[in-house]
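Notes follow the structure.
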Amino acid sequence: MSPNQQSVCLQKGMTAVDLGACPGGWTYQLVSRGINVEAVDNGAMAESLMATGLVKYQAADGFKYKPLDGHVDWLVCDMIEKPERVAQLMTDWLCSRKATSTIFNLKLPMKQRFQTVKALISTIIDALNERQIKHKLSAKHLYHDRDEITVIILTGAHLIQ
């Protein structure tokens, strides 16, 4: 995301849900930008993040969790789970408009990594197009984490022309 996109998409006062939040890496990134976070995990959050006053911790199942106010600006997800389940969950949140945009990691299977990711991304795009949700999707295989791919999907007000 370019600095211009970040200034539009990650503004102080926005809201987010972080599924699989502990110990708090994504939550830290959001809080450092003044974003209010619902951190969802069964593990313990870093006390320094809780002390910011911007984090509400929820010990809950990320697949069953619903945002406290019904909608958030951002859904972030780094759950250790099959990529098919995570992709479906992100699609559900975007299509039901519980979240405007999302950043998530897909844990790569041992075999057929490219084919699996390509199929999942295609399924997500098809679902968004079917519901006429204008979007921009980017995926990156980051060097430091070779066993997952990071995906960002921008929709709604987060799209910059």
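Every chain in the structure tokens has a letter given in the order shown (A, B, ...), and although residue numbers restart at 1 in each chain, ligands are simply numbered from 1 in the order shown.
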
Which residues, written as a ChimeraX atom specification, have at least one atom at most 8 Å from range 5-18 of chain A, with only C-alpha atoms counted and residues fewer than 4 positions away on the same chain left out?
/A:1,26-27,30,33-40,67,72-78,157-158,160

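These are the residues of range 28-75 of chain A assigned strand (DSSP E or B) by DSSP from backbone coordinates: Asn36, Val37, Glu38, Ala39, Val40, Val55, Lys56, Tyr57, Gln58, Val72, Asp73, Trp74 and Leu75 of chain A.
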
Next, dump the selected residues to file, keeping only all heavy atoms, as a compact mmCIF listing (two decimals), in the first residue's frame.
# COMPACT_ATOMS: atom_id res chain seq x y z
N ASN A 36 -8.98 1.78 16.64
CA ASN A 36 -9.57 0.98 17.72
C ASN A 36 -9.70 -0.46 17.27
O ASN A 36 -10.26 -0.72 16.21
CB ASN A 36 -10.94 1.54 18.11
CG ASN A 36 -10.84 2.95 18.64
OD1 ASN A 36 -10.33 3.17 19.72
ND2 ASN A 36 -11.32 3.91 17.86
N VAL A 37 -9.22 -1.40 18.10
CA VAL A 37 -9.14 -2.79 17.69
C VAL A 37 -9.90 -3.71 18.64
O VAL A 37 -9.75 -3.61 19.86
CB VAL A 37 -7.66 -3.26 17.63
CG1 VAL A 37 -7.57 -4.72 17.23
CG2 VAL A 37 -6.85 -2.38 16.69
N GLU A 38 -10.70 -4.59 18.07
CA GLU A 38 -11.28 -5.72 18.80
C GLU A 38 -10.33 -6.89 18.53
O GLU A 38 -10.29 -7.41 17.42
CB GLU A 38 -12.68 -6.05 18.29
CG GLU A 38 -13.69 -4.95 18.50
CD GLU A 38 -15.00 -5.21 17.76
OE1 GLU A 38 -15.44 -6.38 17.68
OE2 GLU A 38 -15.57 -4.23 17.25
N ALA A 39 -9.53 -7.25 19.53
CA ALA A 39 -8.54 -8.32 19.38
C ALA A 39 -9.17 -9.64 19.82
O ALA A 39 -9.58 -9.78 20.97
CB ALA A 39 -7.31 -8.01 20.22
N VAL A 40 -9.23 -10.60 18.90
CA VAL A 40 -9.92 -11.86 19.14
C VAL A 40 -8.91 -13.01 19.10
O VAL A 40 -8.25 -13.23 18.08
CB VAL A 40 -11.02 -12.10 18.09
CG1 VAL A 40 -11.75 -13.40 18.34
CG2 VAL A 40 -11.99 -10.92 18.06
N VAL A 55 -7.61 -1.12 22.60
CA VAL A 55 -7.83 -2.54 22.35
C VAL A 55 -8.89 -3.10 23.29
O VAL A 55 -8.81 -2.92 24.50
CB VAL A 55 -6.51 -3.34 22.51
CG1 VAL A 55 -6.76 -4.83 22.26
CG2 VAL A 55 -5.44 -2.81 21.59
N LYS A 56 -9.87 -3.77 22.70
CA LYS A 56 -10.85 -4.55 23.47
C LYS A 56 -10.56 -6.01 23.17
O LYS A 56 -10.67 -6.44 22.02
CB LYS A 56 -12.28 -4.21 23.05
CG LYS A 56 -12.72 -2.82 23.42
CD LYS A 56 -14.13 -2.56 22.98
CE LYS A 56 -14.53 -1.12 23.29
NZ LYS A 56 -15.82 -0.78 22.72
N TYR A 57 -10.17 -6.75 24.18
CA TYR A 57 -9.81 -8.16 24.00
C TYR A 57 -11.04 -9.04 24.14
O TYR A 57 -11.85 -8.87 25.06
CB TYR A 57 -8.75 -8.56 25.03
CG TYR A 57 -8.46 -10.03 25.02
CD1 TYR A 57 -7.71 -10.60 24.02
CD2 TYR A 57 -8.96 -10.86 26.02
CE1 TYR A 57 -7.45 -11.97 23.99
CE2 TYR A 57 -8.71 -12.22 26.01
CZ TYR A 57 -7.96 -12.77 24.99
OH TYR A 57 -7.71 -14.11 24.98
N GLN A 58 -11.17 -9.99 23.21
CA GLN A 58 -12.27 -10.95 23.24
C GLN A 58 -11.70 -12.36 23.14
O GLN A 58 -11.07 -12.68 22.12
CB GLN A 58 -13.21 -10.72 22.06
CG GLN A 58 -13.75 -9.30 21.93
CD GLN A 58 -14.77 -8.96 22.98
OE1 GLN A 58 -15.50 -9.82 23.45
NE2 GLN A 58 -14.80 -7.70 23.38
N VAL A 72 -16.87 -3.01 10.89
CA VAL A 72 -15.57 -2.38 11.15
C VAL A 72 -14.96 -1.93 9.83
O VAL A 72 -15.33 -2.43 8.76
CB VAL A 72 -14.58 -3.32 11.89
CG1 VAL A 72 -15.03 -3.56 13.32
CG2 VAL A 72 -14.39 -4.62 11.14
N ASP A 73 -14.04 -0.99 9.93
CA ASP A 73 -13.33 -0.54 8.74
C ASP A 73 -12.38 -1.62 8.22
O ASP A 73 -12.23 -1.79 7.02
CB ASP A 73 -12.54 0.74 9.04
CG ASP A 73 -13.46 1.88 9.45
OD1 ASP A 73 -14.30 2.28 8.62
OD2 ASP A 73 -13.34 2.35 10.59
N TRP A 74 -11.73 -2.33 9.16
CA TRP A 74 -10.72 -3.32 8.80
C TRP A 74 -10.94 -4.65 9.50
O TRP A 74 -11.23 -4.68 10.69
CB TRP A 74 -9.32 -2.81 9.19
CG TRP A 74 -8.83 -1.80 8.22
CD1 TRP A 74 -8.90 -0.44 8.34
CD2 TRP A 74 -8.22 -2.06 6.96
NE1 TRP A 74 -8.37 0.15 7.22
CE2 TRP A 74 -7.94 -0.82 6.37
CE3 TRP A 74 -7.89 -3.23 6.28
CZ2 TRP A 74 -7.34 -0.72 5.12
CZ3 TRP A 74 -7.29 -3.13 5.04
CH2 TRP A 74 -7.02 -1.87 4.47
N LEU A 75 -10.76 -5.71 8.76
CA LEU A 75 -10.69 -7.06 9.31
C LEU A 75 -9.28 -7.55 9.02
O LEU A 75 -8.85 -7.58 7.87
CB LEU A 75 -11.71 -7.98 8.65
CG LEU A 75 -11.60 -9.47 9.02
CD1 LEU A 75 -11.78 -9.68 10.51
CD2 LEU A 75 -12.59 -10.29 8.21

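Of the residues under consideration (A:Asp92, A:Asp126, A:Leu54, A:Thr150), A:Asp92 shows the shortest atom-to-atom contact distance to Lys66 in chain A when counting only C-alpha atoms.
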
Would you please extract all helix (DSSP H, G or I) residues from chain A, as assigned by DSSP on the backbone, and give them as a ChimeraX atom specification?
/A:3-9,25-31,47-50,83-95,113-130,156-158

Tell me which protein, DNA and RNA residues are within 8 Å of range 127-129 of chain A, counting only C-alpha atoms, leaving out same-chain ones fewer than 4 positions away, and put them as a list in words.
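My list of contacting residues is Thr91, Leu94, Cys95, Thr123, Ile133, Lys134 and His135 of chain A.
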
From A:Ser138, A:Leu19, A:Gln29, A:Met50, residue lying nearest Leu89 in chain A [only C-alpha atoms]
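Looking only at the distances to Leu89 in chain A, the closest residue turns out to be A:Leu19.
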
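Picture a line from CA of Val117 in chain A to CA of Gly70 in chain A; it runs 29.1 Å.
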
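Of the residues under consideration (A:Val31, A:Ala119, A:Lys107, A:Arg131), A:Val31 shows the shortest atom-to-atom contact distance to Ala51 in chain A when counting only C-alpha atoms.
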
Work out how far CA of Ala60 in chain A is from CA of Leu154 in chain A, in Å to one decimal.
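Rounded to one decimal, the two atoms are 25.7 Å apart.
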
Can you work out which one of A:Gly20, A:Gly156, A:Gly43, A:Gly53 has the shortest atom-to-atom distance to Phe104 in chain A, counting only C-alpha atoms?
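The closest residue to Phe104 in chain A is A:Gly20.
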
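For Ala44 in chain A, the list of residues within 8 Å, based on only C-alpha atoms and with local chain neighbours fewer than 2 positions off taken out, reads Cys22, Pro23, Asp41, Asn42 and Ala46 of chain A.
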
Expected file contents, prior selection, N, CA and C atoms, as a PDB file, in the first residue's frame:
ATOM      1  N   CYS A  22      -3.282 -12.640  19.062  1.00  0.00           N
ATOM      2  CA  CYS A  22      -2.166 -12.784  20.007  1.00  0.00           C
ATOM      3  C   CYS A  22      -0.896 -13.252  19.327  1.00  0.00           C
ATOM      4  N   PRO A  23       0.247 -12.710  19.707  1.00  0.00           N
ATOM      5  CA  PRO A  23       0.466 -11.783  20.817  1.00  0.00           C
ATOM      6  C   PRO A  23       0.189 -10.319  20.489  1.00  0.00           C
ATOM      7  N   ASP A  41      -8.803 -13.725  20.217  1.00  0.00           N
ATOM      8  CA  ASP A  41      -7.893 -14.868  20.300  1.00  0.00           C
ATOM      9  C   ASP A  41      -8.132 -15.545  21.645  1.00  0.00           C
ATOM     10  N   ASN A  42      -7.680 -16.775  21.756  1.00  0.00           N
ATOM     11  CA  ASN A  42      -7.747 -17.452  23.047  1.00  0.00           C
ATOM     12  C   ASN A  42      -6.450 -17.310  23.819  1.00  0.00           C
ATOM     13  N   ALA A  46      -0.443  -8.818  24.474  1.00  0.00           N
ATOM     14  CA  ALA A  46       0.643  -8.069  25.100  1.00  0.00           C
ATOM     15  C   ALA A  46       0.043  -6.969  25.972  1.00  0.00           C
TER      16      ALA A  46
END

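Put simply, CA of Lys136 in chain A is 11.7 Å away from CA of Thr100 in chain A.
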
Go through A:Leu49, A:Leu137, A:Ile149, A:Leu68 and flag the residue nearest Ile124 in chain A, using only C-alpha atoms for the distances.
A:Leu137

Considering only C-alpha atoms, can you say which of A:Leu106, A:Ala99, A:Met90, A:Ala21 comes closest to Arg146 in chain A?
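Closest candidate: A:Leu106.
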